[in-house]
file start.txt (compact mmCIF, C-alpha atoms)
# COMPACT_ATOMS: atom_id res chain seq x y z
CA MET A 850 54.35 56.49 77.15
CA ALA A 851 54.60 60.14 78.16
CA ASP A 852 58.35 59.84 78.73
CA LYS A 853 59.11 58.88 75.12
CA ARG A 854 60.07 61.53 72.59
CA ASP A 855 58.39 61.74 69.21
CA TYR A 856 60.23 59.44 66.79
CA TYR A 857 60.43 62.11 64.09
CA GLU A 858 61.92 64.52 66.62
CA VAL A 859 64.46 61.90 67.68
CA LEU A 860 65.73 61.49 64.12
CA GLY A 861 65.46 65.19 63.35
CA VAL A 862 63.23 64.78 60.28
CA ASP A 863 59.77 66.02 59.35
CA ARG A 864 56.74 63.75 59.18
CA ASN A 865 56.90 63.58 55.38
CA ALA A 866 60.50 62.33 55.30
CA ASP A 867 61.11 59.57 52.75
CA GLU A 868 63.11 56.37 53.25
CA ASN A 869 66.42 57.93 52.18
CA ALA A 870 66.01 60.86 54.55
CA LEU A 871 65.23 58.51 57.44
CA LYS A 872 68.20 56.29 56.69
CA SER A 873 70.58 59.23 56.34
CA ALA A 874 69.42 60.76 59.63
CA TYR A 875 69.73 57.46 61.48
CA ARG A 876 73.20 56.66 60.10
CA LYS A 877 74.44 60.04 61.34
CA LEU A 878 73.06 59.49 64.84
CA ALA A 879 74.14 55.84 65.01
CA LYS A 880 77.74 56.65 64.11
CA LYS A 881 77.80 59.49 66.63
CA TYR A 882 76.31 57.64 69.60
CA HIS A 883 77.34 54.02 68.97
CA PRO A 884 78.54 52.38 72.23
CA ASP A 885 81.77 51.20 70.62
CA VAL A 886 82.61 54.81 69.80
CA ASN A 887 81.57 55.98 73.29
CA PRO A 888 82.62 53.14 75.64
CA GLY A 889 81.12 53.50 79.09
CA ASP A 890 79.00 56.53 78.14
CA LYS A 891 75.49 55.64 79.34
CA GLU A 892 73.97 58.81 77.91
CA ALA A 893 75.36 58.06 74.42
CA GLU A 894 74.12 54.46 74.69
CA ALA A 895 70.63 55.69 75.61
CA LYS A 896 70.57 58.07 72.64
CA PHE A 897 71.75 55.29 70.34
CA LYS A 898 68.94 53.02 71.55
CA GLU A 899 66.40 55.81 71.20
CA ALA A 900 67.50 56.56 67.62
CA THR A 901 67.51 52.85 66.72
CA GLU A 902 64.02 52.40 68.13
CA ALA A 903 62.75 55.40 66.17
CA TYR A 904 64.29 54.21 62.92
CA THR A 905 63.04 50.64 63.38
CA VAL A 906 59.48 51.88 63.55
CA LEU A 907 59.60 54.62 60.91
CA SER A 908 61.49 52.54 58.34
CA ASP A 909 58.75 49.87 58.41
CA PRO A 910 55.73 51.08 56.38
CA ASP A 911 53.20 49.17 58.52
CA LYS A 912 54.66 50.24 61.84
CA ARG A 913 55.00 53.82 60.62
CA ARG A 914 51.34 53.85 59.60
CA GLN A 915 50.35 52.61 63.06
CA TYR A 916 52.63 55.13 64.77
CA ASP A 917 51.28 58.03 62.71
CA GLN A 918 47.74 57.03 63.71
CA PHE A 919 48.13 56.03 67.37
CA GLY A 920 51.54 57.31 68.42
CA HIS A 921 53.50 55.30 71.00
CA ASP A 922 50.27 53.64 72.16
CA ALA A 923 50.35 51.54 68.99
CA PHE A 924 53.12 49.42 70.54
CA THR A 925 52.19 49.28 74.22
CA ASN A 926 50.71 45.80 73.83
CA GLY A 927 53.76 43.96 72.57
CA GLY A 928 53.94 45.67 69.23
CA GLY A 929 57.52 44.80 68.37
CA ALA A 930 59.15 48.20 68.95
CA GLY A 931 58.28 48.76 72.57
CA GLY A 932 61.53 47.34 73.87
CA PHE A 933 65.10 47.25 72.63
CA GLY A 934 65.10 43.48 72.45
CA GLY A 935 62.11 43.49 70.07
CA PHE A 936 63.94 45.21 67.16
CA ASP A 937 64.13 43.49 63.83
CA PHE A 938 67.55 44.02 62.23
CA SER A 939 66.81 42.30 58.96
CA GLY A 940 66.40 44.05 55.61
CA ASN A 941 67.35 47.73 55.65
CA MET A 942 68.61 47.51 59.22
CA GLY A 943 71.10 44.83 58.24
CA ASP A 944 72.38 46.98 55.39
CA ILE A 945 72.72 50.08 57.49
CA PHE A 946 74.53 48.29 60.32
CA GLY A 947 76.88 46.79 57.76
CA ASP A 948 77.76 50.30 56.61
CA ILE A 949 78.16 51.60 60.14
CA PHE A 950 80.34 48.76 61.39
CA GLY A 951 82.42 48.99 58.23
CA ASP A 952 83.10 52.65 59.00
CA LEU A 953 83.77 52.04 62.68
CA PHE A 954 86.01 49.01 62.47
CA GLY A 955 87.83 49.64 59.22
CA GLY A 956 86.05 46.97 57.23
CA GLY A 957 83.27 47.33 54.76
CA GLY A 958 79.86 45.90 54.06
CA SER A 959 79.28 43.73 51.07
CA ARG A 960 78.37 46.79 48.99
CA ARG A 961 81.82 48.33 49.60
CA THR A 962 84.00 45.41 48.58
CA ARG A 963 85.60 45.25 45.18
CA THR A 964 85.54 42.29 42.86
CA PRO A 965 88.34 39.89 43.89
CA ASN A 966 91.31 39.98 41.51
CA GLY A 967 89.52 42.55 39.36
CA PRO A 968 91.33 45.45 37.65
CA MET A 969 92.11 48.36 39.95
CA ARG A 970 93.12 51.85 38.92
CA GLY A 971 96.50 52.96 40.19
CA ALA A 972 96.92 55.64 42.85
CA ASN A 973 97.43 59.28 41.91
CA LEU A 974 100.82 60.90 42.33
CA ARG A 975 101.30 64.48 43.53
CA ALA A 976 104.02 66.99 42.74
CA ARG A 977 104.54 70.75 43.00
CA VAL A 978 106.06 73.35 40.71
CA ASN A 979 106.76 77.03 41.42
CA ILE A 980 106.33 79.73 38.76
CA THR A 981 106.58 83.51 38.56
CA PHE A 982 103.64 85.90 38.65
CA GLU A 983 104.06 86.64 34.94
CA ASP A 984 104.16 82.92 34.07
CA ALA A 985 100.85 82.48 35.89
CA VAL A 986 99.32 85.30 33.85
CA PHE A 987 100.56 84.25 30.40
CA GLY A 988 101.17 80.51 30.85
CA THR A 989 104.41 78.58 30.47
CA GLU A 990 105.93 75.11 30.28
CA LYS A 991 107.98 73.53 33.03
CA ASP A 992 110.05 70.36 33.17
CA LEU A 993 109.24 68.24 36.21
CA GLU A 994 111.37 65.29 37.32
CA ILE A 995 109.53 62.59 39.26
CA THR A 996 109.93 58.92 40.16
CA LEU A 997 107.64 56.68 38.10
CA LYS A 998 106.99 52.97 38.26
CA ASP A 999 106.99 50.83 35.12
CA GLU A 1000 106.34 47.16 34.53
CA CYS A 1001 109.38 45.05 35.34
CA THR A 1002 110.99 43.87 32.11
CA THR A 1003 112.39 40.75 33.80
CA CYS A 1004 109.15 39.22 35.11
CA HIS A 1005 106.78 41.25 32.90
CA GLY A 1006 104.83 42.46 35.90
CA THR A 1007 104.12 39.10 37.57
CA GLY A 1008 106.57 39.66 40.40
CA ALA A 1009 107.65 36.02 40.18
CA LYS A 1010 111.10 34.77 39.32
CA PRO A 1011 111.35 33.85 35.61
CA GLY A 1012 110.30 30.23 35.16
CA THR A 1013 107.96 30.32 38.18
CA SER A 1014 104.41 31.52 38.73
CA PRO A 1015 102.40 32.92 41.64
CA VAL A 1016 100.45 30.33 43.65
CA THR A 1017 96.94 30.49 45.08
CA CYS A 1018 96.79 32.19 48.48
CA PRO A 1019 96.05 29.52 51.12
CA LYS A 1020 94.38 32.01 53.49
CA CYS A 1021 91.66 33.25 51.14
CA LYS A 1022 91.87 30.32 48.71
CA GLY A 1023 92.23 32.68 45.78
CA SER A 1024 89.19 34.83 46.54
CA GLY A 1025 91.23 37.83 47.63
CA GLN A 1026 88.87 38.35 50.59
CA VAL A 1027 88.50 37.13 54.12
CA VAL A 1028 85.39 37.22 56.29
CA TYR A 1029 85.55 38.36 59.91
CA THR A 1030 82.70 38.07 62.39
CA GLN A 1031 82.45 40.36 65.38
CA GLN A 1032 80.21 40.14 68.39
CA SER A 1033 78.16 43.26 69.00
CA MET A 1034 75.12 44.21 71.02
CA PHE A 1035 73.03 43.22 67.99
CA GLY A 1036 74.57 39.81 67.60
CA MET A 1037 77.30 38.70 65.20
CA VAL A 1038 78.29 41.27 62.58
CA ARG A 1039 79.91 40.03 59.37
CA ASN A 1040 82.77 42.01 57.82
CA VAL A 1041 84.42 41.29 54.48
CA GLN A 1042 87.96 42.65 54.03
CA PRO A 1043 90.83 42.22 51.55
CA CYS A 1044 93.04 39.27 52.45
CA PRO A 1045 96.03 40.53 54.51
CA ASP A 1046 98.37 37.81 53.18
CA CYS A 1047 97.92 38.48 49.46
CA GLN A 1048 96.58 42.08 49.71
CA GLY A 1049 93.47 41.02 47.83
CA LYS A 1050 95.28 39.57 44.82
CA GLY A 1051 94.31 35.96 45.54
CA THR A 1052 97.85 34.77 44.79
CA ILE A 1053 101.17 34.68 46.64
CA ILE A 1054 104.63 34.85 45.13
CA LYS A 1055 106.99 32.26 46.62
CA ASP A 1056 110.00 32.87 44.38
CA LYS A 1057 110.24 36.63 43.90
CA CYS A 1058 111.80 38.30 40.91
CA THR A 1059 115.25 39.62 41.87
CA ALA A 1060 114.91 42.67 39.63
CA CYS A 1061 111.72 44.06 41.19
CA HIS A 1062 111.73 42.11 44.51
CA GLY A 1063 108.30 40.67 43.77
CA THR A 1064 106.51 43.98 43.19
CA GLY A 1065 106.23 43.58 39.42
CA TYR A 1066 107.48 47.13 38.90
CA THR A 1067 110.76 49.03 38.75
CA SER A 1068 111.19 52.72 39.55
CA SER A 1069 113.12 55.33 37.62
CA ARG A 1070 113.43 59.10 37.46
CA LYS A 1071 111.66 60.62 34.49
CA LYS A 1072 111.29 64.12 33.15
CA ILE A 1073 107.76 65.25 32.34
CA GLN A 1074 106.90 68.49 30.60
CA VAL A 1075 104.02 70.29 32.27
CA ALA A 1076 101.99 72.77 30.24
CA ILE A 1077 100.80 75.48 32.62
CA PRO A 1078 97.79 77.37 31.22
CA ALA A 1079 97.50 81.15 31.24
CA GLY A 1080 95.47 82.42 34.19
CA ILE A 1081 96.29 79.67 36.69
CA ASP A 1082 96.24 80.79 40.32
CA ASP A 1083 98.33 79.89 43.34
CA GLY A 1084 97.37 76.50 44.82
CA GLN A 1085 95.51 75.22 41.76
CA SER A 1086 96.47 71.83 40.30
CA ILE A 1087 97.01 70.47 36.81
CA ARG A 1088 95.96 66.87 36.13
CA ILE A 1089 98.15 64.83 33.78
CA ARG A 1090 96.31 61.68 32.81
CA GLU A 1091 97.86 58.25 33.48
CA LYS A 1092 101.18 59.50 34.82
CA GLY A 1093 100.55 58.14 38.32
CA GLU A 1094 101.05 54.73 39.94
CA PRO A 1095 100.47 51.62 37.79
CA GLY A 1096 97.15 49.85 38.14
CA LEU A 1097 96.64 46.36 39.56
CA ASN A 1098 95.47 43.33 37.62
CA GLY A 1099 95.50 45.20 34.34
CA GLY A 1100 93.88 48.36 35.69
CA PRO A 1101 94.81 51.80 34.27
CA ARG A 1102 97.48 54.03 35.75
CA GLY A 1103 96.52 56.80 38.12
CA ASP A 1104 97.01 60.48 37.32
CA LEU A 1105 99.71 62.97 38.20
CA LEU A 1106 98.39 66.03 40.05
CA VAL A 1107 100.78 68.98 39.83
CA GLU A 1108 100.09 71.76 42.33
CA VAL A 1109 101.19 75.19 41.12
CA GLY A 1110 102.79 77.68 43.49
CA VAL A 1111 102.87 81.30 42.26
CA MET A 1112 105.67 83.49 43.61
CA ARG A 1113 104.85 86.87 45.12
CA HIS A 1114 105.37 89.91 42.89
CA PRO A 1115 107.09 93.03 44.27
CA ILE A 1116 104.53 95.37 42.65
CA PHE A 1117 101.41 93.48 41.60
CA GLN A 1118 98.78 91.69 43.63
CA ARG A 1119 96.09 89.44 42.21
CA GLN A 1120 92.45 88.92 43.14
CA ASP A 1121 90.60 86.50 40.87
CA MET A 1122 91.18 87.87 37.35
CA ASP A 1123 92.07 91.42 38.41
CA ILE A 1124 95.49 92.87 39.25
CA TYR A 1125 96.10 95.64 41.79
CA SER A 1126 99.06 97.97 42.29
CA THR A 1127 99.97 101.47 43.44
CA ALA A 1128 101.85 104.23 41.59
CA PRO A 1129 103.38 107.46 42.94
CA ILE A 1130 102.62 110.79 41.20
CA SER A 1131 104.09 114.19 41.89
CA PHE A 1132 102.20 116.96 43.64
CA ALA A 1133 102.40 119.03 40.47
CA ASP A 1134 100.96 116.28 38.25
CA ALA A 1135 98.16 115.73 40.74
CA ALA A 1136 97.29 119.43 40.77
CA LEU A 1137 97.84 120.33 37.11
CA GLY A 1138 97.37 116.98 35.41
CA GLY A 1139 99.80 115.37 33.02
CA GLU A 1140 101.00 112.11 31.52
CA ILE A 1141 102.54 109.43 33.71
CA THR A 1142 103.98 105.99 32.97
CA LEU A 1143 102.48 102.95 34.72
CA ASN A 1144 103.88 99.43 35.02
CA THR A 1145 101.59 96.56 33.90
CA VAL A 1146 102.13 92.88 33.12
CA ASP A 1147 101.97 93.88 29.44
CA GLY A 1148 104.73 96.48 29.82
CA LYS A 1149 104.66 100.22 30.41
CA GLU A 1150 101.45 102.12 29.74
CA THR A 1151 100.98 105.90 29.43
CA TYR A 1152 98.11 107.39 31.38
CA LYS A 1153 96.84 111.00 31.44
CA VAL A 1154 96.19 112.21 34.97
CA LYS A 1155 93.30 114.61 35.40
CA PRO A 1156 93.96 117.99 37.07
CA GLY A 1157 93.03 117.99 40.74
CA THR A 1158 93.59 114.25 41.23
CA GLN A 1159 93.53 113.32 44.92
CA THR A 1160 95.74 110.78 46.60
CA ASP A 1161 94.30 107.22 46.78
CA THR A 1162 92.43 107.78 43.52
CA ARG A 1163 91.95 104.40 41.82
CA ILE A 1164 92.06 104.15 38.05
CA CYS A 1165 91.22 101.16 35.85
CA LEU A 1166 93.28 99.86 32.95
CA LYS A 1167 90.80 97.73 31.04
CA GLY A 1168 91.95 94.35 29.79
CA HIS A 1169 95.35 94.40 31.50
CA GLY A 1170 94.45 91.78 34.11
CA VAL A 1171 94.67 87.98 34.21
CA PRO A 1172 93.22 85.82 31.41
CA SER A 1173 90.37 83.43 32.11
CA LEU A 1174 91.43 79.79 32.41
CA ARG A 1175 88.54 78.83 30.14
CA ASN A 1176 89.10 81.52 27.52
CA LYS A 1177 92.45 83.27 27.33
CA ASN A 1178 90.91 86.01 25.17
CA ILE A 1179 88.89 87.18 28.17
CA ARG A 1180 90.99 89.16 30.65
CA GLY A 1181 90.40 90.97 33.89
CA ASP A 1182 91.40 94.56 34.59
CA HIS A 1183 94.33 96.28 36.29
CA TYR A 1184 93.46 98.72 39.07
CA VAL A 1185 96.10 101.30 40.01
CA THR A 1186 95.88 103.42 43.14
CA LEU A 1187 97.58 106.79 42.64
CA ILE A 1188 99.55 108.05 45.64
CA VAL A 1189 100.42 111.77 45.63
CA GLN A 1190 104.03 112.23 46.73
CA VAL A 1191 104.61 115.18 49.06
CA PRO A 1192 108.19 116.50 48.77
CA THR A 1193 110.26 115.91 51.88
CA SER A 1194 112.87 118.60 51.05
CA LEU A 1195 112.43 121.79 49.02
CA SER A 1196 114.83 124.29 47.51
CA PRO A 1197 114.38 127.94 48.55
CA GLU A 1198 112.80 128.66 45.15
CA ALA A 1199 110.32 125.80 45.48
CA ARG A 1200 109.49 126.82 49.04
CA GLU A 1201 108.83 130.40 47.94
CA ALA A 1202 106.68 129.24 45.02
CA LEU A 1203 104.54 127.09 47.32
CA ARG A 1204 104.20 129.96 49.76
CA ARG A 1205 102.97 132.26 46.98
CA PHE A 1206 100.60 129.47 45.84
CA ASP A 1207 99.18 129.20 49.35
CA GLU A 1208 98.72 132.97 49.54
CA ILE A 1209 96.84 132.99 46.25
CA GLN A 1210 94.63 130.08 47.33
CA THR A 1211 93.75 131.81 50.60
CA GLY A 1212 93.29 135.25 48.99
CA ARG A 1213 96.23 136.89 50.74
CA PHE A 1214 98.34 137.52 47.65
CA THR A 1215 97.56 140.63 45.57
CA GLY A 1216 100.89 141.84 44.20
CA VAL A 1217 102.81 141.07 41.04
CA THR A 1218 106.28 139.59 41.30
CA PRO A 1219 109.15 141.45 39.67
CA GLU A 1220 109.71 138.48 37.41
CA ALA A 1221 106.13 138.56 36.18
CA ASP A 1222 106.26 142.33 35.66
CA GLY A 1223 109.40 141.99 33.57
CA ASP A 1224 107.83 139.29 31.43
CA GLU A 1225 104.85 141.48 30.67
CA LYS A 1226 107.11 144.38 29.57
CA LYS A 1227 108.98 142.05 27.22
CA GLY A 1228 105.69 140.78 25.76
CA LYS A 1229 106.08 137.30 27.17
CA LYS A 1230 103.03 135.28 28.27
CA LYS A 1231 102.57 135.42 32.03
CA LYS A 1232 102.93 132.02 33.72
CA ASN A 1233 100.45 131.11 36.40
CA ILE A 1234 101.68 130.18 39.83
CA LEU A 1235 100.92 126.44 39.40
CA GLU A 1236 103.06 126.26 36.27
CA LYS A 1237 105.90 127.96 38.14
CA ILE A 1238 105.54 125.50 41.01
CA LYS A 1239 105.63 122.56 38.61
CA GLU A 1240 108.75 123.90 36.88
CA THR A 1241 110.44 124.54 40.23
CA LEU A 1242 109.64 121.06 41.57
CA GLU A 1243 110.73 119.38 38.33
CA ASP A 1244 114.05 121.26 38.45
call {"tool": "encode", "arguments": {"input": "start.txt", "output": "C-alpha cells"}}
result
Amino acid sequence: MADKRDYYEVLGVDRNADENALKSAYRKLAKKYHPDVNPGDKEAEAKFKEATEAYTVLSDPDKRRQYDQFGHDAFTNGGGAGGFGGFDFSGNMGDIFGDIFGDLFGGGGSRRTRTPNGPMRGANLRARVNITFEDAVFGTEKDLEITLKDECTTCHGTGAKPGTSPVTCPKCKGSGQVVYTQQSMFGMVRNVQPCPDCQGKGTIIKDKCTACHGTGYTSSRKKIQVAIPAGIDDGQSIRIREKGEPGLNGGPRGDLLVEVGVMRHPIFQRQDMDIYSTAPISFADAALGGEITLNTVDGKETYKVKPGTQTDTRICLKGHGVPSLRNKNIRGDHYVTLIVQVPTSLSPEAREALRRFDEIQTGRFTGVTPEADGDEKKGKKKKNILEKIKETLED
C-alpha cells in the first residue's frame, strides 16, 4: 500500500477533522474532479476516485478508527474500501452525491426542493437613480417610475378565463414536481425538479384570461417616491419592501432594490465619511498669513492662514464632512490642501519689491529706500518689505 496517499492528505484536512469538515472538503474535490465535469480526463477521474475512497473510509466511524490504527493495511484483506467497487454510497454518501449531481446537472436533491404548490416569495426588482454630490451628503427624495405587476382584476389572479378554473397538470399529477433518473458511474441517480409543463404549480390553465393572457397579473407604470438617506455613497442600494414582483400561490411580493449613483463634483472628492479638496492661496497670504474663504458643502467658511504656510499644507475643517448613515448627527471632516499660487506675470513695482525682498533674505540689502526715508521724516510708521510686497501683489 506504499503507493496510496494518506486519506487526510487527500482531503486536505487534519486528523481531528469532524464530519462537517470532511464532507465540505470532499464536496469541493468531488465537484472539481467529477468525470462528468472533466470528460475524458483520466487524471481528474483518478483524483475523483482517490477523494471518494478517502471520504468513504473517514466518514465511517468504524472504518476511520481502523484506518487511524492500522493505516491502509486495515483494508488489504477485503476491508470494503480497498477497491472502487467496494464503496458504500448509502447514508451520508447518498446525500452528498444528491447535492453534487443537483449542482452539476441543474436539478436538486430532495433537501433543495420546495413544497409543491406552496407560497413563494416574488422576485426582487432593481432600478437605479442618479443624485448630486450634495444630495448624497444631506439626503433627498426622488420620484422613480417603474413597471409593476398587480393581480389581474378580471380573473383575480387565477389566470383562467372567468367561469373556468385551472385543471390538474397531467404530467406531474398535481404534485408540481417530476422525478428524473440518470445513469452515472455510481448507478442510477434520482433528481427531483419542478414540472416543466406547469412550472411547479401543479395546475394548467386551458382557457386563459384574455386580460392577463393567463399570467394572473397585469403590468402598469407606477411612480414611487424613494427616500435617500443622508450619507449614502455611490453604488449603495436602498431596499423598498414589497415593491417587487408578486409572489406565487399567495406568497409575499419581492422587494425593490434601488441602486444610487452619485455624480462627480467639480471641487470635492469623497472617501468614506471625509471630503477632500484643494484651495489656492496667494504668495503673500502664505508668507504673511491672513484670512481666506474656503468652499465646503455647508457653504463658505473663513479660515486664518498661518504665516509661513507652505504649499501642499493640509488643513482640517472638523465636522464638515459626510454624515454617518446610521447617525446623521455624526459627520466626517473636510480636508483642504492649500496650494500657493506663484504669480505668472508681475508689474515692474511688484518685480522690484520681490527683488528687494530677496536681497533682504540673502543679506545683500543694506540701504533705505527713498520712500522709506520720506515716511520716517513725516513721522509715518515704516512698512516692512513683506507688507509692501503684499500691497503690490494685491494691487
call {"tool": "atom_distance", "arguments": {"input": "start.txt", "atom1": "atom CA of Pro1115 of chain A", "atom2": "atom CA of Gln1074 of chain A"}}
result
28.1 Å
call {"tool": "closest_residue", "arguments": {"input": "start.txt", "among": "A:Asp922, A:Arg1102, A:Ala1133, A:Asp863", "to": "Ala1199 of chain A", "atoms": "all atoms listed in the file"}}
result
A:Ala1133
call {"tool": "closest_residue", "arguments": {"input": "start.txt", "among": "A:Tyr875, A:Ile1081, A:Thr1017, A:Leu993", "to": "Arg1175 of chain A", "atoms": "only C-alpha atoms"}}
result
A:Ile1081
call {"tool": "closest_residue", "arguments": {"input": "start.txt", "among": "A:Gly920, A:Ile995, A:Lys877, A:Val886", "to": "Lys853 of chain A", "atoms": "only C-alpha atoms"}}
result
A:Gly920
call {"tool": "atom_distance", "arguments": {"input": "start.txt", "atom1": "atom CA of Lys1092 of chain A", "atom2": "atom CA of Asn973 of chain A"}}
result
8.0 Å
call {"tool": "atom_distance", "arguments": {"input": "start.txt", "atom1": "atom CA of Ala972 of chain A", "atom2": "atom CA of Gly1093 of chain A"}}
result
6.3 Å
call {"tool": "residues_around", "arguments": {"input": "start.txt", "residues": "Pro1011 of chain A", "least_positions_apart": "2", "cutoff": "10 Å", "atoms": "all atoms listed in the file", "output": "list in words"}}
result
Thr1003, Cys1004, His1005, Thr1007, Gly1008, Ala1009, Thr1013, Ser1014, Asp1056, Lys1057, Cys1058 and Thr1059 of chain A
call {"tool": "closest_residue", "arguments": {"input": "start.txt", "among": "A:Gly1110, A:Gly1099, A:Pro1078, A:Pro910", "to": "Asn979 of chain A", "atoms": "all atoms listed in the file"}}
result
A:Gly1110
call {"tool": "closest_residue", "arguments": {"input": "start.txt", "among": "A:Arg864, A:Lys896, A:His1183, A:Lys1020", "to": "Leu878 of chain A", "atoms": "all atoms listed in the file"}}
result
A:Lys896
call {"tool": "closest_residue", "arguments": {"input": "start.txt", "among": "A:Ala879, A:Met1112, A:Val1154, A:Val1146", "to": "Gly1168 of chain A", "atoms": "only C-alpha atoms"}}
result
A:Val1146
call {"tool": "residues_around", "arguments": {"input": "start.txt", "residues": "Cys1047 of chain A", "least_positions_apart": "3", "cutoff": "10 Å", "atoms": "all atoms listed in the file", "output": "MDAnalysis selection string"}}
result
chainID A and resid 1017:1021 1023:1026 1043:1044 1050:1054
call {"tool": "residues_around", "arguments": {"input": "start.txt", "residues": "Lys912 of chain A", "least_positions_apart": "2", "cutoff": "9 Å", "atoms": "all atoms listed in the file", "output": "list in words"}}
result
Thr905, Val906, Leu907, Ser908, Asp909, Pro910, Arg914, Gln915, Tyr916, Asp917, Ala923, Phe924, Gly928, Gly929 and Ala930 of chain A
call {"tool": "residues_near_point", "arguments": {"input": "start.txt", "point": "(90.5, 118.8, 34.5)", "cutoff": "8 Å", "atoms": "only C-alpha atoms", "output": "list of chain:residue names"}}
result
A:Leu1137, A:Gly1138, A:Lys1155, A:Pro1156, A:Gly1157
call {"tool": "residues_near_point", "arguments": {"input": "start.txt", "point": "(100.9, 108.3, 34.1)", "cutoff": "12 Å", "atoms": "all atoms listed in the file", "output": "list in words"}}
result
Thr1127, Ala1128, Pro1129, Ile1130, Ser1131, Asp1134, Ala1135, Gly1138, Gly1139, Glu1140, Ile1141, Thr1142, Leu1143, Asn1144, Thr1145, Lys1149, Glu1150, Thr1151, Tyr1152, Lys1153, Val1154, Lys1155, Thr1158, Ile1164, Leu1166, Val1185, Thr1186, Leu1187 and Ile1188 of chain A
call {"tool": "decode", "arguments": {"input": "start.txt", "residues": "segment 850-861 of chain A", "atoms": "N, CA and C atoms", "output": "PDB file, in the first residue's frame"}}
result
ATOM      1  N   MET A 850       0.817  -1.207   0.000  1.00  0.00           N
ATOM      2  CA  MET A 850       0.000   0.000   0.000  1.00  0.00           C
ATOM      3  C   MET A 850       0.856   1.264   0.000  1.00  0.00           C
ATOM      4  N   ALA A 851       2.115   1.140  -0.382  1.00  0.00           N
ATOM      5  CA  ALA A 851       3.020   2.281  -0.308  1.00  0.00           C
ATOM      6  C   ALA A 851       2.655   3.358  -1.315  1.00  0.00           C
ATOM      7  N   ASP A 852       1.909   2.972  -2.385  1.00  0.00           N
ATOM      8  CA  ASP A 852       1.597   3.937  -3.426  1.00  0.00           C
ATOM      9  C   ASP A 852       0.376   4.783  -3.089  1.00  0.00           C
ATOM     10  N   LYS A 853      -0.322   4.477  -2.026  1.00  0.00           N
ATOM     11  CA  LYS A 853      -1.517   5.234  -1.657  1.00  0.00           C
ATOM     12  C   LYS A 853      -1.151   6.435  -0.772  1.00  0.00           C
ATOM     13  N   ARG A 854      -1.803   7.558  -1.047  1.00  0.00           N
ATOM     14  CA  ARG A 854      -1.584   8.738  -0.220  1.00  0.00           C
ATOM     15  C   ARG A 854      -2.432   8.655   1.052  1.00  0.00           C
ATOM     16  N   ASP A 855      -1.985   9.346   2.075  1.00  0.00           N
ATOM     17  CA  ASP A 855      -2.740   9.404   3.321  1.00  0.00           C
ATOM     18  C   ASP A 855      -4.112  10.019   3.039  1.00  0.00           C
ATOM     19  N   TYR A 856      -5.169   9.396   3.580  1.00  0.00           N
ATOM     20  CA  TYR A 856      -6.522   9.855   3.296  1.00  0.00           C
ATOM     21  C   TYR A 856      -6.754  11.288   3.776  1.00  0.00           C
ATOM     22  N   TYR A 857      -6.201  11.645   4.906  1.00  0.00           N
ATOM     23  CA  TYR A 857      -6.356  13.013   5.409  1.00  0.00           C
ATOM     24  C   TYR A 857      -5.675  14.008   4.473  1.00  0.00           C
ATOM     25  N   GLU A 858      -4.533  13.612   3.946  1.00  0.00           N
ATOM     26  CA  GLU A 858      -3.815  14.459   2.990  1.00  0.00           C
ATOM     27  C   GLU A 858      -4.615  14.613   1.706  1.00  0.00           C
ATOM     28  N   VAL A 859      -5.258  13.538   1.263  1.00  0.00           N
ATOM     29  CA  VAL A 859      -6.054  13.578   0.039  1.00  0.00           C
ATOM     30  C   VAL A 859      -7.170  14.612   0.158  1.00  0.00           C
ATOM     31  N   LEU A 860      -7.858  14.606   1.299  1.00  0.00           N
ATOM     32  CA  LEU A 860      -8.969  15.540   1.500  1.00  0.00           C
ATOM     33  C   LEU A 860      -8.514  16.927   1.946  1.00  0.00           C
ATOM     34  N   GLY A 861      -7.265  17.034   2.359  1.00  0.00           N
ATOM     35  CA  GLY A 861      -6.753  18.332   2.785  1.00  0.00           C
ATOM     36  C   GLY A 861      -7.271  18.769   4.136  1.00  0.00           C
TER      37      GLY A 861
END
